[in-house]
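Take a look at the structure below.
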There are 2 protein chains.
Amino acid sequence: MEILKGAVAAAKIKEEIDHEMGRLNGYTPRLAIVRVGEKPDDISYERNAIKKMEKLGLLADSYTFPADISDGEFKEQFQKINQDENIDGILLLRPLPKQIREKDIERMIDPGKDLDGISPENIAKVFAGEEDGFAPCTAEAVIEILKAGNISLEGKRMTIVGRSMVVGRPLAMLALKENATVTICHTRTKDLEGTCRNAQILAAAAGKARMLNGSFVGDGAVVIDVGINVDEDGNLCGDVDFASIQDKAAAATPVPGGVGGVTTSVLAKHLVRAALARK
Amino acid sequence: MEILKGAVAAAKIKEEIDHEMGRLNGYTPRLAIVRVGEKPDDISYERNAIKKMEKLGLLADSYTFPADISDGEFKEQFQKINQDENIDGILLLRPLPKQIREKDIERMIDPGKDLDGISPENIAKVFAGEEDGFAPCTAEAVIEILKAGNISLEGKRMTIVGRSMVVGRPLAMLALKENATVTICHTRTKDLEGTCRNAQILAAAAGKARMLNGSFVGDGAVVIDVGINVDEDGNLCGDVDFASIQDKAAAATPVPGGVGGVTTSVLAKHLVRAALARK
């Protein structure tokens, strides 16, 4: 089984970014990461994103707010960031605390700065298969990994486990754009095993540790594991039981070392694209 | 094979509308149908829509413009309709002539009046499976026919042939909301026959006369035919070769007499909902 390392896709995206940066005439794009509260997942993602931006020669600033900030106060602060001429792109760490109406923020964010595709404008573009919107970075990272591995989606049966707005649904639309025949599974799917086994490309985005084992994987399938979970021993693991698929799959992404790192690369790519569009 | 007549779903929707009308305290919702040019398909749809509104005690006005109206002039006129306090909902007949930037109109239309779900706001809501948006009427008509026939989508394998923004994609999202396991096929799908035959519910929205025959239909499947085509003899027909599926399907919609008439019923339902939301 070939191991599809995220690093390969990340290196390819870096090349693209270096090329695009040449068109910015020395201007350095600036990312604003907006975080409310101190959730460890948010802090970890923020740290990784900042590290990636630095590595790629991009700027990133954190804007952090207390977990108990009021809806009105947060909106006021968010609008300032949104309208700041020096900021090219925004990453809002979600979910937000309950007192903040997240839906309002989705409608408020400038679609041109909305790097993770949370605004209705970008969602509609992804749904329609249009080129110029921003898709959620994790969904796009799956496509990038397949492309970096020279795995074509054209005419392939692709099954996606999970129907979230962050991965499952947008990934289905991105895969459709690549002409895959897409099946979307979820918790209510009957015969999940058979449906997954029928796939030539299987994307796991269910958020449940090692829920898919070898019997869910067809011979020679490509398996992309989007899950990032912590198992009972405190170890990081994916939605796929990696060891059990070795003799079935033709290729698979590991966790860690797979989709996760590519997500921040896509974020960087989106940032450069946003900066280019603004210039 | 049971024939799923559109009239059954239409009657059920009429009941719902009559009930909702009671909450409007005598106010009669008003629809604006906007047509540019004299395409026979548009005129026929417009006539059917007006007839349906009249039958349901709703008001409908046509706003027609010459096929060669300029982009600027049309936008000005459209904005007037859009902002008219006496208009509760708008149906824009599409596609528009090429000189008009349709994308701009999609962004311009008041999402609260956008009965056929063409605005980014409504598209994003349908994509996310939210309740309060307007889905494209034809896609929703498919769900209404299944409901009227007491055919549950829960956990069922549903295959949709076609990936348009008017039917295929939104129907996939509406079916997902009903917990179907959804597969989207299209012109690039390999083994379309096998993929369709595997479905418990098959929706044909490819726009190609009688392209799906009995060998595309699994035993006991339910077949919903969204296609409205004219065959070589000038007769109206669907995407499904109706005669050939009689011994395979458990139930199917005819063309004409199936989805088509339900589409305008859904339009009427949306109009009443829009009026209620505005009051």
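The chains in the structure tokens are called A, B, ... from first to last as shown; in each chain the residues are counted from 1, and the ligands are counted from 1 in the order shown.
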
Next item on the list: Give the helix (DSSP H, G or I) residues of region 1-147 of chain B, as DSSP finds them on the backbone, and put them as an NGL selection string.
Entry: :B and (6-24 or 40-55 or 71-83 or 102-108 or 120-128 or 137-147)

With the cut-off set at 9 Å and counting only C-alpha atoms, tabulate each residue of chain A with an atom at most that distance from an atom of chain B, showing the nearest atom pair and its distance in Å to one decimal, ordered by chain and increasing number, as JSON lines.
```
{"residue": "A:Arg107", "atom": "CA", "partner": "B:Glu121", "partner_atom": "CA", "distance": 8.7}
{"residue": "A:Ser119", "atom": "CA", "partner": "B:Ala124", "partner_atom": "CA", "distance": 8.4}
{"residue": "A:Pro120", "atom": "CA", "partner": "B:Ala124", "partner_atom": "CA", "distance": 5.2}
{"residue": "A:Glu121", "atom": "CA", "partner": "B:Pro120", "partner_atom": "CA", "distance": 5.3}
{"residue": "A:Asn122", "atom": "CA", "partner": "B:Pro120", "partner_atom": "CA", "distance": 8.2}
{"residue": "A:Ile123", "atom": "CA", "partner": "B:Ala124", "partner_atom": "CA", "distance": 5.5}
{"residue": "A:Ala124", "atom": "CA", "partner": "B:Pro120", "partner_atom": "CA", "distance": 5.2}
{"residue": "A:Lys125", "atom": "CA", "partner": "B:Pro120", "partner_atom": "CA", "distance": 8.0}
{"residue": "A:Phe127", "atom": "CA", "partner": "B:Phe127", "partner_atom": "CA", "distance": 7.0}
{"residue": "A:Ala128", "atom": "CA", "partner": "B:Met165", "partner_atom": "CA", "distance": 6.4}
{"residue": "A:Glu154", "atom": "CA", "partner": "B:Arg188", "partner_atom": "CA", "distance": 7.3}
{"residue": "A:Gly155", "atom": "CA", "partner": "B:Thr189", "partner_atom": "CA", "distance": 5.0}
{"residue": "A:Lys156", "atom": "CA", "partner": "B:Lys190", "partner_atom": "CA", "distance": 7.3}
{"residue": "A:Arg157", "atom": "CA", "partner": "B:Thr189", "partner_atom": "CA", "distance": 8.2}
{"residue": "A:Thr159", "atom": "CA", "partner": "B:Thr183", "partner_atom": "CA", "distance": 8.6}
{"residue": "A:Arg163", "atom": "CA", "partner": "B:Leu176", "partner_atom": "CA", "distance": 8.3}
{"residue": "A:Ser164", "atom": "CA", "partner": "B:Ala128", "partner_atom": "CA", "distance": 8.2}
{"residue": "A:Met165", "atom": "CA", "partner": "B:Ala128", "partner_atom": "CA", "distance": 6.4}
{"residue": "A:Arg169", "atom": "CA", "partner": "B:Phe127", "partner_atom": "CA", "distance": 7.6}
{"residue": "A:Pro170", "atom": "CA", "partner": "B:Phe127", "partner_atom": "CA", "distance": 8.9}
{"residue": "A:Met173", "atom": "CA", "partner": "B:Arg169", "partner_atom": "CA", "distance": 8.6}
{"residue": "A:Leu176", "atom": "CA", "partner": "B:Ile184", "partner_atom": "CA", "distance": 8.2}
{"residue": "A:Asn179", "atom": "CA", "partner": "B:Arg188", "partner_atom": "CA", "distance": 6.0}
{"residue": "A:Ala180", "atom": "CA", "partner": "B:Thr189", "partner_atom": "CA", "distance": 7.1}
{"residue": "A:Thr181", "atom": "CA", "partner": "B:Cys185", "partner_atom": "CA", "distance": 5.4}
{"residue": "A:Val182", "atom": "CA", "partner": "B:Ile184", "partner_atom": "CA", "distance": 5.4}
{"residue": "A:Thr183", "atom": "CA", "partner": "B:Thr183", "partner_atom": "CA", "distance": 4.1}
{"residue": "A:Ile184", "atom": "CA", "partner": "B:Val182", "partner_atom": "CA", "distance": 5.4}
{"residue": "A:Cys185", "atom": "CA", "partner": "B:Thr181", "partner_atom": "CA", "distance": 5.4}
{"residue": "A:His186", "atom": "CA", "partner": "B:Thr181", "partner_atom": "CA", "distance": 7.3}
{"residue": "A:Thr187", "atom": "CA", "partner": "B:Asn179", "partner_atom": "CA", "distance": 8.6}
{"residue": "A:Arg188", "atom": "CA", "partner": "B:Gly155", "partner_atom": "CA", "distance": 5.4}
{"residue": "A:Thr189", "atom": "CA", "partner": "B:Gly155", "partner_atom": "CA", "distance": 5.0}
{"residue": "A:Lys190", "atom": "CA", "partner": "B:Gly155", "partner_atom": "CA", "distance": 5.6}
```

Margin query: Set the distance at 12 Å and use only C-alpha atoms: which residues neighbour Ser44 (chain B) once local chain neighbours fewer than 6 positions away are removed? I'd like the list as a list in words.
Written below: Arg35, Glu38, Ile50, Lys51, Leu93, Gly260 and Thr264 of chain B

Check: If we count only C-alpha atoms, what is near Gln246 (chain A) at a cut-off of 10 Å, once residues fewer than 5 positions away on the same chain are taken out, given as a ChimeraX atom specification?
Finding: /A:1-3,213-214,217,241,251-252

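Distance check against Pro29 (chain A) using only C-alpha atoms: of A:Leu212, A:Val167, A:Ala275, A:Ala135, the minimum falls on A:Ala275.
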
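For the atom pair formed by CA of Asn86 (chain A) and CA of Lys269 (chain A), the distance is 17.7 Å, given to one decimal.
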
Margin query: List the spatial neighbours of region 227-235 of chain B as number ranges by chain - criterion: any atom at most 6 Å away, only C-alpha atoms, same-chain residues fewer than 2 positions off excluded.
Written below: B: 205, 207, 209, 225, 237-239

Note to self: Which residues are close to region 53-66 of chain A, i.e. within 8 Å by only C-alpha atoms, leaving aside same-chain residues fewer than 6 positions away? Reply as a PyMOL selection string.
What the structure shows: chain A and resi 14+17-18+28-38+46+74+268

Can those selected residues be exported to a file as an mmCIF file, in the first residue's frame so that it contains N, CA and C atoms?
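What ended up in selection-v9.cif:
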```
data_model
loop_
_atom_site.group_PDB
_atom_site.id
_atom_site.type_symbol
_atom_site.label_atom_id
_atom_site.label_comp_id
_atom_site.auth_asym_id
_atom_site.auth_seq_id
_atom_site.Cartn_x
_atom_site.Cartn_y
_atom_site.Cartn_z
ATOM 1 N N LYS A 14 3.239 24.581 -2.144
ATOM 2 C CA LYS A 14 4.277 25.598 -1.897
ATOM 3 C C LYS A 14 4.821 26.130 -3.225
ATOM 4 N N ILE A 17 2.365 28.482 -4.667
ATOM 5 C CA ILE A 17 2.350 29.740 -3.908
ATOM 6 C C ILE A 17 3.565 30.592 -4.281
ATOM 7 N N ASP A 18 4.752 29.980 -4.332
ATOM 8 C CA ASP A 18 5.967 30.724 -4.690
ATOM 9 C C ASP A 18 5.780 31.407 -6.043
ATOM 10 N N THR A 28 3.478 41.349 0.744
ATOM 11 C CA THR A 28 3.323 40.123 1.521
ATOM 12 C C THR A 28 1.902 40.013 2.077
ATOM 13 N N PRO A 29 1.144 39.002 1.640
ATOM 14 C CA PRO A 29 -0.245 38.834 2.118
ATOM 15 C C PRO A 29 -0.284 38.628 3.634
ATOM 16 N N ARG A 30 -1.364 39.132 4.225
ATOM 17 C CA ARG A 30 -1.501 39.073 5.681
ATOM 18 C C ARG A 30 -2.800 38.361 6.059
ATOM 19 N N LEU A 31 -2.655 37.364 6.923
ATOM 20 C CA LEU A 31 -3.802 36.578 7.413
ATOM 21 C C LEU A 31 -4.183 37.042 8.811
ATOM 22 N N ALA A 32 -5.462 37.145 9.082
ATOM 23 C CA ALA A 32 -5.954 37.382 10.449
ATOM 24 C C ALA A 32 -6.635 36.108 10.941
ATOM 25 N N ILE A 33 -6.136 35.557 12.042
ATOM 26 C CA ILE A 33 -6.785 34.395 12.651
ATOM 27 C C ILE A 33 -7.605 34.902 13.830
ATOM 28 N N VAL A 34 -8.882 34.648 13.786
ATOM 29 C CA VAL A 34 -9.780 35.168 14.827
ATOM 30 C C VAL A 34 -10.199 34.012 15.722
ATOM 31 N N ARG A 35 -9.855 34.149 16.997
ATOM 32 C CA ARG A 35 -10.171 33.090 17.957
ATOM 33 C C ARG A 35 -10.912 33.673 19.152
ATOM 34 N N VAL A 36 -12.002 33.013 19.557
ATOM 35 C CA VAL A 36 -12.747 33.412 20.753
ATOM 36 C C VAL A 36 -12.600 32.284 21.773
ATOM 37 N N GLY A 37 -12.059 32.608 22.926
ATOM 38 C CA GLY A 37 -11.859 31.595 23.958
ATOM 39 C C GLY A 37 -10.526 30.893 23.814
ATOM 40 N N GLU A 38 -10.322 29.866 24.620
ATOM 41 C CA GLU A 38 -9.003 29.216 24.702
ATOM 42 C C GLU A 38 -9.106 27.708 24.480
ATOM 43 N N GLU A 46 -4.385 27.150 15.348
ATOM 44 C CA GLU A 46 -3.846 28.502 15.155
ATOM 45 C C GLU A 46 -2.314 28.464 15.078
ATOM 46 N N PHE A 74 -18.387 41.404 19.981
ATOM 47 C CA PHE A 74 -17.602 40.610 19.033
ATOM 48 C C PHE A 74 -17.835 41.085 17.598
ATOM 49 N N ALA A 268 -3.056 28.863 3.050
ATOM 50 C CA ALA A 268 -2.034 29.796 2.542
ATOM 51 C C ALA A 268 -2.280 30.116 1.070
#
```

Would you list the contacts of Ala221 (chain A) as a PDB file with N, CA and C atoms, in the first residue's frame, taking every protein, DNA or RNA residue within 6 Å and counting only C-alpha atoms, but skipping same-chain residues closer than 5 positions in sequence?
```pdb
ATOM      1  N   GLN A 200     -14.126   3.394  -5.301  1.00  0.00           N
ATOM      2  CA  GLN A 200     -12.744   3.374  -5.778  1.00  0.00           C
ATOM      3  C   GLN A 200     -11.909   4.383  -4.995  1.00  0.00           C
ATOM      4  N   ILE A 201     -12.585   5.438  -4.555  1.00  0.00           N
ATOM      5  CA  ILE A 201     -11.941   6.409  -3.668  1.00  0.00           C
ATOM      6  C   ILE A 201     -12.870   6.589  -2.464  1.00  0.00           C
ATOM      7  N   ALA A 249      -6.221  -1.608   0.547  1.00  0.00           N
ATOM      8  CA  ALA A 249      -6.132  -0.342  -0.187  1.00  0.00           C
ATOM      9  C   ALA A 249      -4.893  -0.296  -1.065  1.00  0.00           C
ATOM     10  N   ALA A 250      -5.001   0.449  -2.168  1.00  0.00           N
ATOM     11  CA  ALA A 250      -3.833   0.684  -3.016  1.00  0.00           C
ATOM     12  C   ALA A 250      -3.009   1.829  -2.433  1.00  0.00           C
TER      13      ALA A 250
END
```

Notebook entry, point to check: Do you have the CA of Arg101 (chain B)-CA of Gly117 (chain A) distance handy?
Noted result: 23.6 Å

Notebook entry, point to check: Using the chain letters and numbers from this document, which residues of region 84-264 of chain A does DSSP assign to strand (DSSP E or B), as number ranges by chain?
Noted result: A: 89-92, 114, 157-161, 181-185, 201-204, 212, 222-225, 229-230, 236-237, 240, 251-252

Item checked: Two-atom distance - CA of Leu202 (chain B), CA of Gly218 (chain B) (Å) -> 9.1 Å

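Across A:Ala7, A:Asp104, A:Lys113, A:Ile43, the tightest approach to Arg278 (chain A) is made by A:Lys113 when counting only C-alpha atoms.
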